[in-house]
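*Asks:* Input file: query04.tsv. Contents: TSV, C-alpha atoms.
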chain	number	residue	atom	x	y	z
A	142	MET	CA	187.33	-7.94	-48.37
A	143	LYS	CA	183.63	-8.44	-49.08
A	144	ILE	CA	184.13	-7.18	-52.64
A	145	LEU	CA	186.97	-9.67	-53.18
A	146	ILE	CA	184.82	-12.52	-51.87
A	147	LEU	CA	181.97	-11.45	-54.17
A	148	LEU	CA	184.26	-11.35	-57.21
A	149	ILE	CA	185.69	-14.79	-56.41
A	150	THR	CA	182.18	-16.09	-55.91
A	151	LEU	CA	181.04	-14.72	-59.28
A	152	ILE	CA	184.03	-16.31	-61.03
A	153	VAL	CA	183.30	-19.69	-59.47
A	154	ILE	CA	179.61	-19.40	-60.32
A	155	SER	CA	180.45	-18.43	-63.90
A	156	GLU	CA	182.29	-21.71	-64.30
A	157	LEU	CA	179.49	-23.71	-62.64
A	158	CYS	CA	176.74	-22.00	-64.59
A	159	ALA	CA	178.49	-21.61	-67.94
A	160	VAL	CA	176.82	-23.62	-70.68
A	161	ASP	CA	176.82	-23.57	-74.43
A	162	ALA	CA	175.23	-20.26	-75.36
A	163	CYS	CA	172.80	-21.90	-77.75
A	164	ARG	CA	172.56	-25.62	-76.99
A	165	SER	CA	169.18	-26.17	-75.40
A	166	TYR	CA	166.87	-28.97	-74.35
A	167	CYS	CA	163.15	-29.26	-74.80
A	168	GLY	CA	161.84	-32.24	-72.89
A	169	ASN	CA	164.32	-35.00	-73.71
A	170	ILE	CA	165.33	-33.61	-77.11
A	171	THR	CA	168.58	-31.70	-77.62
A	172	VAL	CA	168.28	-28.59	-79.76
A	173	ASP	CA	171.60	-27.75	-81.39
A	174	TYR	CA	172.97	-26.24	-84.61
A	175	PRO	CA	171.57	-25.74	-87.22
A	176	PHE	CA	168.38	-25.47	-85.15
A	177	GLY	CA	167.69	-23.09	-82.32
A	178	ILE	CA	164.87	-22.10	-80.02
A	179	ARG	CA	166.54	-18.91	-78.81
A	180	ASN	CA	166.82	-15.75	-80.86
A	181	GLY	CA	170.21	-15.53	-82.58
A	182	CYS	CA	170.97	-19.26	-82.26
A	183	GLY	CA	171.49	-21.75	-85.07
A	184	HIS	CA	171.55	-21.24	-88.83
A	185	PRO	CA	169.74	-18.06	-89.93
A	186	SER	CA	167.74	-19.99	-92.54
A	187	TYR	CA	166.39	-22.30	-89.79
A	188	ARG	CA	165.06	-19.53	-87.58
A	189	ASP	CA	161.43	-19.61	-86.46
A	190	LEU	CA	161.16	-23.35	-87.08
A	191	LEU	CA	161.29	-24.87	-83.61
A	192	PHE	CA	159.37	-23.80	-80.53
A	193	CYS	CA	159.40	-25.34	-77.06
A	194	MET	CA	155.95	-25.37	-75.46
A	195	ASN	CA	155.58	-27.00	-72.03
A	196	ASP	CA	158.60	-29.24	-72.71
A	197	VAL	CA	157.13	-30.28	-76.06
A	198	LEU	CA	159.25	-29.41	-79.11
A	199	MET	CA	157.14	-28.20	-82.05
A	200	PHE	CA	158.16	-27.77	-85.70
A	201	HIS	CA	156.28	-25.13	-87.68
A	202	ILE	CA	156.04	-24.71	-91.48
A	203	SER	CA	153.36	-23.48	-93.86
A	204	SER	CA	151.29	-26.68	-93.73
A	205	GLY	CA	151.02	-26.64	-89.95
A	206	SER	CA	152.67	-27.47	-86.64
A	207	TYR	CA	154.08	-30.88	-85.82
A	208	ARG	CA	155.46	-32.44	-82.69
A	209	VAL	CA	159.15	-33.32	-82.99
A	210	LEU	CA	159.77	-36.95	-82.04
A	211	ASP	CA	163.51	-37.01	-82.68
A	212	ILE	CA	166.41	-35.07	-84.21
A	213	ASP	CA	169.26	-37.17	-85.58
A	214	TYR	CA	172.20	-34.83	-86.05
A	215	ALA	CA	174.50	-37.56	-87.38
A	216	TYR	CA	172.17	-38.37	-90.29
A	217	GLN	CA	170.67	-34.87	-90.53
A	218	SER	CA	167.07	-35.94	-90.10
A	219	ILE	CA	164.14	-34.83	-87.99
A	220	THR	CA	161.08	-37.00	-87.27
A	221	LEU	CA	157.68	-35.33	-86.96
A	222	HIS	CA	154.24	-36.37	-85.77
A	223	ASP	CA	150.98	-34.99	-87.15
A	224	PRO	CA	148.12	-35.55	-84.64
A	225	HIS	CA	145.66	-36.00	-87.52
A	226	MET	CA	147.72	-38.70	-89.21
A	227	SER	CA	146.37	-42.25	-89.37
A	228	THR	CA	148.31	-45.17	-87.88
A	229	CYS	CA	147.71	-48.90	-87.58
A	230	GLU	CA	145.55	-48.32	-84.50
A	231	THR	CA	143.57	-45.29	-85.69
A	232	ILE	CA	142.20	-44.17	-89.05
A	233	VAL	CA	141.58	-40.41	-89.22
A	234	LEU	CA	139.29	-39.23	-92.03
A	235	GLY	CA	137.74	-35.90	-92.97
A	236	GLY	CA	140.79	-34.36	-94.66
A	237	LYS	CA	142.04	-32.91	-91.36
A	238	GLY	CA	145.64	-34.05	-91.59
A	239	ASN	CA	148.28	-31.42	-92.26
A	240	GLY	CA	150.32	-33.65	-94.54
A	241	PHE	CA	153.62	-31.94	-95.35
A	242	GLU	CA	154.23	-28.87	-97.46
A	243	ALA	CA	157.12	-26.51	-96.76
A	244	GLU	CA	157.49	-22.95	-98.00
A	245	ASP	CA	158.96	-22.73	-101.52
A	246	TRP	CA	162.23	-21.28	-100.26
A	247	ARG	CA	162.60	-24.06	-97.66
A	248	ALA	CA	161.50	-26.92	-99.94
A	249	PRO	CA	164.98	-27.67	-101.39
A	250	TYR	CA	166.35	-28.20	-97.87
A	251	PHE	CA	163.46	-30.02	-96.16
A	252	ASN	CA	162.13	-33.16	-97.82
A	253	PRO	CA	160.88	-36.50	-96.50
A	254	THR	CA	163.50	-39.23	-96.74
A	255	SER	CA	163.41	-41.78	-99.54
A	256	ASP	CA	162.33	-44.54	-97.12
A	257	ASN	CA	159.24	-42.55	-96.08
A	258	VAL	CA	155.97	-43.84	-97.59
A	259	PHE	CA	152.82	-41.74	-97.62
A	260	MET	CA	149.61	-43.76	-97.82
A	261	LEU	CA	146.81	-41.56	-99.15
A	262	ILE	CA	143.36	-42.69	-98.03
A	263	GLY	CA	139.97	-42.24	-99.70
A	264	CYS	CA	141.13	-39.96	-102.52
A	265	SER	CA	138.58	-38.68	-105.02
A	266	PRO	CA	138.62	-40.16	-108.55
A	267	LYS	CA	139.34	-36.57	-109.63
A	268	SER	CA	142.47	-36.40	-107.47
A	269	PRO	CA	145.63	-35.23	-109.32
A	270	ILE	CA	147.34	-38.51	-108.42
A	271	PHE	CA	144.77	-40.44	-110.49
A	272	GLN	CA	144.89	-38.25	-113.60
A	273	GLY	CA	144.66	-40.51	-116.65
A	274	PHE	CA	143.47	-43.55	-114.65
A	275	PRO	CA	142.93	-46.30	-115.72
A	276	GLU	CA	144.87	-45.87	-118.99
A	277	LYS	CA	147.98	-44.54	-117.30
A	278	LYS	CA	149.91	-46.45	-114.66
A	279	LEU	CA	149.02	-45.51	-111.09
A	280	PRO	CA	151.77	-43.93	-108.98
A	281	CYS	CA	150.86	-46.22	-106.06
A	282	ARG	CA	153.74	-48.51	-105.11
A	283	ASN	CA	155.65	-50.38	-102.44
A	284	ILE	CA	158.30	-48.26	-100.71
A	285	SER	CA	161.00	-49.73	-98.46
A	286	GLY	CA	158.95	-52.91	-98.03
A	287	MET	CA	155.81	-51.02	-96.97
A	288	SER	CA	152.62	-50.98	-99.01
A	289	CYS	CA	148.91	-50.25	-98.80
A	290	GLU	CA	148.16	-53.97	-99.13
A	291	GLU	CA	149.83	-54.50	-95.78
A	292	TYR	CA	148.56	-51.28	-94.25
A	293	MET	CA	144.95	-52.19	-94.95
A	294	SER	CA	145.37	-55.33	-92.84
A	295	CYS	CA	145.54	-53.10	-89.74
A	296	PRO	CA	142.64	-53.70	-87.31
A	297	ALA	CA	141.72	-50.00	-87.39
A	298	TRP	CA	140.18	-50.48	-90.84
A	299	ASP	CA	137.48	-52.70	-89.34
A	300	MET	CA	136.39	-49.84	-87.11
A	301	VAL	CA	135.77	-47.43	-90.01
A	302	GLY	CA	134.16	-49.99	-92.31
A	303	TYR	CA	136.56	-49.45	-95.19
A	304	ARG	CA	138.45	-52.72	-95.01
A	305	GLN	CA	138.18	-54.80	-98.20
A	306	PRO	CA	139.93	-57.85	-99.64
A	307	GLY	CA	141.55	-55.65	-102.28
A	308	LEU	CA	142.56	-52.03	-102.56
A	309	SER	CA	140.09	-50.98	-105.21
A	310	SER	CA	136.42	-50.22	-104.87
A	311	GLY	CA	134.88	-51.67	-108.01
A	312	SER	CA	136.48	-50.17	-111.11
A	313	GLY	CA	137.41	-46.92	-109.40
A	314	PRO	CA	140.77	-45.87	-108.00
A	315	PRO	CA	142.19	-47.64	-104.93
A	316	MET	CA	141.02	-46.77	-101.43
A	317	CYS	CA	144.66	-46.50	-100.35
A	318	CYS	CA	147.59	-45.39	-102.49
A	319	GLY	CA	151.20	-45.58	-101.28
A	320	ILE	CA	153.43	-42.93	-102.85
A	321	GLY	CA	156.83	-41.38	-102.37
A	322	PHE	CA	157.08	-37.67	-101.68
A	323	GLU	CA	158.97	-37.09	-104.92
A	324	SER	CA	155.84	-38.09	-106.87
A	325	VAL	CA	153.76	-35.15	-105.65
A	326	LYS	CA	156.30	-32.74	-104.01
A	327	ALA	CA	153.75	-31.84	-101.31
A	328	ILE	CA	151.27	-33.81	-99.23
A	329	ASN	CA	148.30	-31.44	-99.17
A	330	LEU	CA	145.04	-33.30	-98.57
A	331	SER	CA	142.89	-30.48	-99.90
A	332	LYS	CA	144.78	-30.24	-103.19
A	333	LEU	CA	145.05	-34.02	-103.53
A	334	GLU	CA	141.35	-34.41	-102.63
A	335	CYS	CA	141.98	-37.17	-100.09
A	336	GLU	CA	140.12	-38.01	-96.88
A	337	GLY	CA	143.20	-38.88	-94.86
A	338	TYR	CA	146.73	-40.20	-94.91
A	339	SER	CA	149.30	-42.18	-93.01
A	340	SER	CA	153.07	-41.85	-93.06
A	341	ALA	CA	155.63	-44.45	-92.04
A	342	TYR	CA	159.33	-45.03	-92.47
A	343	ASN	CA	161.59	-48.04	-92.24
A	344	LEU	CA	165.10	-47.73	-90.83
A	345	ALA	CA	165.69	-51.47	-90.53
A	346	PRO	CA	167.68	-53.24	-93.27
A	347	LEU	CA	165.25	-56.17	-93.11
A	348	LYS	CA	161.58	-56.25	-93.99
A	349	LEU	CA	159.41	-55.71	-90.94
A	350	ARG	CA	156.82	-58.29	-89.93
A	351	GLY	CA	153.85	-56.06	-90.60
A	352	PRO	CA	152.30	-52.59	-90.32
A	353	SER	CA	152.00	-52.89	-86.54
A	354	ASP	CA	155.82	-52.80	-86.42
A	355	TRP	CA	156.21	-49.79	-88.70
A	356	ALA	CA	157.49	-46.50	-87.33
A	357	TYR	CA	154.75	-43.95	-87.96
A	358	GLY	CA	155.70	-40.33	-88.51
A	359	ILE	CA	157.19	-38.04	-91.13
A	360	ARG	CA	160.95	-38.43	-91.34
A	361	ILE	CA	162.51	-35.33	-92.89
A	362	LYS	CA	165.98	-34.98	-94.33
A	363	TYR	CA	167.42	-31.52	-93.77
A	364	GLU	CA	170.35	-29.90	-95.53
A	365	LEU	CA	172.34	-26.80	-94.72
A	366	GLN	CA	171.88	-23.91	-97.11
A	367	GLY	CA	175.37	-23.21	-98.36
A	368	SER	CA	178.66	-24.20	-96.77
A	369	ASP	CA	179.00	-24.84	-93.04
A	370	SER	CA	182.73	-24.00	-93.05
A	371	PHE	CA	182.03	-20.87	-90.99
A	372	CYS	CA	180.39	-22.91	-88.27
A	373	ARG	CA	183.18	-25.52	-88.24
A	374	ALA	CA	185.78	-22.77	-87.80
A	375	CYS	CA	183.68	-21.21	-85.05
A	376	VAL	CA	183.26	-24.46	-83.11
A	377	ALA	CA	186.98	-25.26	-83.51
A	378	THR	CA	187.75	-22.12	-81.49
A	379	SER	CA	185.21	-22.98	-78.74
A	380	GLY	CA	182.54	-20.72	-80.17
A	381	THR	CA	178.83	-21.29	-80.81
A	382	CYS	CA	177.25	-20.82	-84.23
A	383	GLY	CA	174.53	-18.22	-84.49
A	384	TYR	CA	173.39	-15.16	-86.41
A	385	GLU	CA	172.69	-11.47	-85.92
A	386	SER	CA	171.37	-8.47	-87.84
A	387	ALA	CA	173.69	-7.22	-90.55
A	388	ASP	CA	174.34	-3.62	-91.55
A	389	GLY	CA	171.81	-2.56	-94.13
A	390	GLY	CA	169.28	-5.20	-93.06
A	391	GLY	CA	169.22	-8.96	-93.37
A	392	LEU	CA	171.06	-11.50	-91.26
A	393	ARG	CA	174.62	-12.79	-91.15
A	394	HIS	CA	176.44	-15.67	-89.54
A	395	VAL	CA	178.10	-14.89	-86.24
A	396	CYS	CA	180.38	-16.83	-83.91
A	397	ILE	CA	179.23	-16.41	-80.30
A	398	CYS	CA	182.25	-16.36	-78.01
A	399	ASP	CA	182.63	-16.01	-74.23
A	400	HIS	CA	182.75	-12.22	-74.18
A	401	HIS	CA	181.87	-11.09	-77.69
A	402	ASN	CA	180.42	-12.04	-81.05
A	403	SER	CA	182.73	-12.43	-84.02
A	404	THR	CA	182.14	-12.48	-87.76
A	405	THR	CA	184.98	-15.01	-88.13
A	406	ASN	CA	185.88	-17.09	-85.08
A	407	CYS	CA	186.75	-16.71	-81.40
A	408	ASP	CA	190.49	-16.52	-82.07
A	409	SER	CA	190.13	-13.48	-84.30
A	410	VAL	CA	191.53	-10.18	-83.08
A	411	ILE	CA	189.22	-7.92	-85.06
A	412	THR	CA	186.85	-5.56	-83.31
A	413	PRO	CA	184.01	-7.66	-81.89
A	414	THR	CA	180.46	-7.13	-83.07
A	415	VAL	CA	177.66	-6.02	-80.81
A	416	ALA	CA	176.48	-9.26	-79.23
A	417	SER	CA	172.85	-9.98	-78.60
A	418	SER	CA	172.17	-10.27	-74.87
A	419	SER	CA	169.83	-13.19	-75.59
A	420	VAL	CA	172.74	-15.40	-76.58
A	421	ARG	CA	175.53	-14.14	-74.32
A	422	PRO	CA	176.61	-17.17	-72.26
A	423	LYS	CA	178.10	-15.21	-69.32
A	424	THR	CA	176.41	-11.92	-68.57
A	425	ILE	CA	176.36	-10.22	-65.19
A	426	GLY	CA	172.60	-10.70	-65.07
A	427	SER	CA	172.84	-14.43	-65.62
A	428	LEU	CA	175.60	-14.73	-63.02
A	429	ILE	CA	173.58	-12.81	-60.44
A	430	PHE	CA	170.53	-14.96	-61.21
A	431	CYS	CA	172.60	-18.10	-60.81
A	432	PHE	CA	174.13	-16.74	-57.59
A	433	ILE	CA	170.69	-16.01	-56.14
A	434	THR	CA	169.45	-19.46	-57.14
A	435	MET	CA	172.42	-21.18	-55.51
A	436	ASN	CA	172.05	-19.02	-52.39
A	437	ILE	CA	168.35	-19.89	-52.07
A	438	ASN	CA	169.13	-23.59	-52.43
A	439	PHE	CA	171.86	-23.25	-49.81
A	440	GLN	CA	169.51	-21.49	-47.37
A	441	ARG	CA	166.92	-24.21	-47.87
A	442	ARG	CA	169.44	-26.90	-47.02
A	443	VAL	CA	170.51	-24.98	-43.88
A	444	THR	CA	166.94	-24.49	-42.63
A	445	HIS	CA	166.09	-28.13	-43.17
What is this file in structure tokens?
*Replies:*
Amino acid sequence: MKILILLITLIVISELCAVDACRSYCGNITVDYPFGIRNGCGHPSYRDLLFCMNDVLMFHISSGSYRVLDIDYAYQSITLHDPHMSTCETIVLGGKGNGFEAEDWRAPYFNPTSDNVFMLIGCSPKSPIFQGFPEKKLPCRNISGMSCEEYMSCPAWDMVGYRQPGLSSGSGPPMCCGIGFESVKAINLSKLECEGYSSAYNLAPLKLRGPSDWAYGIRIKYELQGSDSFCRACVATSGTCGYESADGGGLRHVCICDHHNSTTNCDSVITPTVASSSVRPKTIGSLIFCFITMNINFQRRVTH
């Protein structure tokens, strides 16, 4: 009788505790496909990108680590914050900012959106962006209604002593140069020989009132590498998209189902693959842990 009660209890708990094997939360941000913060979850090409540290979601690429402000799955974009980036309230100099530069193999799938303006600050006359100046036309421009002319009206410029009526210092290059990411392909302050930078984006269809209303951060457009038809078929059969080690090395897509992993979808009848315990949604261990947790909570309520 006790065994029967235990089995019934485990079944009930499995329904109460069952969650998407890979969907996670870090702070108030949902982490879902193609991203993942658990081994075996998400798209294999997006592994080792996101890390949850003390409820703070971090994004890591070759140029550094950034705090994730938002992930918009509908528009496939992720918004990042660089702590060394200048804003309208603070100007950060000394070339400490990470900027944005992804690994070569990731670069085709991670690029700042077209409405993202990078404002490079205090760049050397020898900077690659000023090659040929003044004969050649400067790449500095207005992007999505945002420009350095407006940015330099921010009160923070008074605090660093760089604020001037115009952008140029004498006959030299401008103190601030607004550019689109496509002009340089990578925001690397060391290579560009700049003292600092700011990044802002405009999602509103109308021109904003001024730089104090801009949204500061690096808004990245992400794209899936290859077709996502496998994932769609997996989700349609109540599975979760993930990956696992393939025979002979490398990684392959896998559909994580209730009791097995599949190389097709959860309705397939082929021999299941060996599922990684880190992404199994309903293991005995997790059920026992959930049972113990519920029992402790119950005992607490009884004693109080």
*Asks:* Could you give me, as a PyMOL selection string, the residues that sit within 10 Å of (167.7, -29.7, -79.2) in the file's coordinates, counting only C-alpha atoms?
*Replies:* chain A and resi 163-178+191+193+198+211-214
*Asks:* Box time for range 184-195 of chain A: axis-aligned, enclosing all its listed atoms, 4 Å extra on each side; report centre and edge lengths in Å to one decimal, as JSON.
*Replies:*
{"center_x": 163.6, "center_y": -22.5, "center_z": -82.3, "size_x": 24.0, "size_y": 16.9, "size_z": 28.5}
*Asks:* List as a compact mmCIF listing (two decimals) with C-alpha atoms, keeping the file's coordinate frame the protein and nucleic acid residues near Gly235 in chain A, meaning an atom at most 12 Å away when all atoms listed in the file are counted, but skip any in the same chain fewer than 2 places from it.
*Replies:*
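Contents of out-v7.txt, freshly written:
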# COMPACT_ATOMS: atom_id res chain seq x y z
CA HIS A 225 145.66 -36.00 -87.52
CA MET A 226 147.72 -38.70 -89.21
CA SER A 227 146.37 -42.25 -89.37
CA ILE A 232 142.20 -44.17 -89.05
CA VAL A 233 141.58 -40.41 -89.22
CA LYS A 237 142.04 -32.91 -91.36
CA GLY A 238 145.64 -34.05 -91.59
CA ASN A 239 148.28 -31.42 -92.26
CA ILE A 262 143.36 -42.69 -98.03
CA GLY A 263 139.97 -42.24 -99.70
CA CYS A 264 141.13 -39.96 -102.52
CA LEU A 330 145.04 -33.30 -98.57
CA SER A 331 142.89 -30.48 -99.90
CA GLU A 334 141.35 -34.41 -102.63
CA CYS A 335 141.98 -37.17 -100.09
CA GLU A 336 140.12 -38.01 -96.88
CA GLY A 337 143.20 -38.88 -94.86
CA TYR A 338 146.73 -40.20 -94.91
*Asks:* Smallest atom-to-atom distance to Phe271 in chain A: which of A:Gly240, A:Tyr292, A:Cys317, A:Glu230, using all atoms listed in the file?
*Replies:* A:Cys317
*Asks:* Could you give me, as a list in words, the residues that sit within 10 Å of (154.4, -29.3, -87.5) in the file's coordinates, counting only C-alpha atoms?
*Replies:*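 The requested residues, written out, are Leu190, Leu191, Leu198, Met199, Phe200, His201, Ile202, Ser203, Ser204, Gly205, Ser206, Tyr207, Arg208, Val209, Leu221, His222, Asp223, Pro224, Asn239, Gly240, Phe241, Glu242 and Ile359 of chain A.
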*Asks:* Using C-alpha atoms, can you export the residues from the last selection as a PDB file, keeping the file's coordinate frame?
*Replies:*
ATOM      1  CA  LEU A 190     161.160 -23.350 -87.080  1.00  0.00           C
ATOM      2  CA  LEU A 191     161.290 -24.870 -83.610  1.00  0.00           C
ATOM      3  CA  LEU A 198     159.250 -29.410 -79.110  1.00  0.00           C
ATOM      4  CA  MET A 199     157.140 -28.200 -82.050  1.00  0.00           C
ATOM      5  CA  PHE A 200     158.160 -27.770 -85.700  1.00  0.00           C
ATOM      6  CA  HIS A 201     156.280 -25.130 -87.680  1.00  0.00           C
ATOM      7  CA  ILE A 202     156.040 -24.710 -91.480  1.00  0.00           C
ATOM      8  CA  SER A 203     153.360 -23.480 -93.860  1.00  0.00           C
ATOM      9  CA  SER A 204     151.290 -26.680 -93.730  1.00  0.00           C
ATOM     10  CA  GLY A 205     151.020 -26.640 -89.950  1.00  0.00           C
ATOM     11  CA  SER A 206     152.670 -27.470 -86.640  1.00  0.00           C
ATOM     12  CA  TYR A 207     154.080 -30.880 -85.820  1.00  0.00           C
ATOM     13  CA  ARG A 208     155.460 -32.440 -82.690  1.00  0.00           C
ATOM     14  CA  VAL A 209     159.150 -33.320 -82.990  1.00  0.00           C
ATOM     15  CA  LEU A 221     157.680 -35.330 -86.960  1.00  0.00           C
ATOM     16  CA  HIS A 222     154.240 -36.370 -85.770  1.00  0.00           C
ATOM     17  CA  ASP A 223     150.980 -34.990 -87.150  1.00  0.00           C
ATOM     18  CA  PRO A 224     148.120 -35.550 -84.640  1.00  0.00           C
ATOM     19  CA  ASN A 239     148.280 -31.420 -92.260  1.00  0.00           C
ATOM     20  CA  GLY A 240     150.320 -33.650 -94.540  1.00  0.00           C
ATOM     21  CA  PHE A 241     153.620 -31.940 -95.350  1.00  0.00           C
ATOM     22  CA  GLU A 242     154.230 -28.870 -97.460  1.00  0.00           C
ATOM     23  CA  ILE A 359     157.190 -38.040 -91.130  1.00  0.00           C
TER      24      ILE A 359
END
*Asks:* Nearest residue to Thr231 in chain A out of A:Pro296, A:Asn343, A:Asn329, A:Ser324, using all atoms listed in the file?
*Replies:*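 When distances to Thr231 in chain A are compared using all atoms listed in the file, the smallest one comes from A:Pro296.
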*Asks:* Between CA of Leu261 in chain A and CA of Tyr187 in chain A, what is the distance in Å, rounded to a tenth?
*Replies:*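 CA of Leu261 in chain A sits 29.0 Å away from CA of Tyr187 in chain A.
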*Asks:* Find the residues around Gly380 in chain A up to 8 Å (all atoms listed in the file counted), leave out those fewer than 4 positions away in its own chain, and share them as JSON, numbers by chain.
*Replies:* {"A": [375, 376, 396, 397, 398, 399, 406, 407]}
*Asks:* Export, as a compact mmCIF listing (two decimals), keeping the file's coordinate frame, the selected residues with C-alpha atoms.
*Replies:*
# COMPACT_ATOMS: atom_id res chain seq x y z
CA CYS A 375 183.68 -21.21 -85.05
CA VAL A 376 183.26 -24.46 -83.11
CA CYS A 396 180.38 -16.83 -83.91
CA ILE A 397 179.23 -16.41 -80.30
CA CYS A 398 182.25 -16.36 -78.01
CA ASP A 399 182.63 -16.01 -74.23
CA ASN A 406 185.88 -17.09 -85.08
CA CYS A 407 186.75 -16.71 -81.40
*Asks:* When you draw a straight line from CA of Pro280 in chain A to CA of Pro352 in chain A, how long is it in Å?
*Replies:*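 Separation between CA of Pro280 in chain A and CA of Pro352 in chain A: 20.6 Å.
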*Asks:* Between CA of Cys318 in chain A and CA of Met260 in chain A, what is the spacing in Å?
*Replies:*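 Separation of CA of Met260 in chain A and CA of Cys318 in chain A: 5.3 Å.
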*Asks:* Measuring between only C-alpha atoms, which one of A:Ser409, A:Thr404, A:Cys382, A:Ser294 shows the shortest distance to Cys182 in chain A?
*Replies:*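 Comparing A:Ser409, A:Thr404, A:Cys382, A:Ser294 against Cys182 in chain A, the winner is A:Cys382.
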*Asks:* Would you please work out which residue, of A:Ile361, A:Ile270, A:Val258, A:Val325, is nearest to Ser288 in chain A when using all atoms listed in the file?
*Replies:*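 Of the candidates, the smallest distance to Ser288 in chain A is held by A:Val258.
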*Asks:* Rank nothing, just name the residue among A:Pro269, A:Gly302, A:Gly321, A:Ser386 nearest to Asn283 in chain A, using all atoms listed in the file.
*Replies:*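 So, comparing all the options, the nearest one is A:Gly321.
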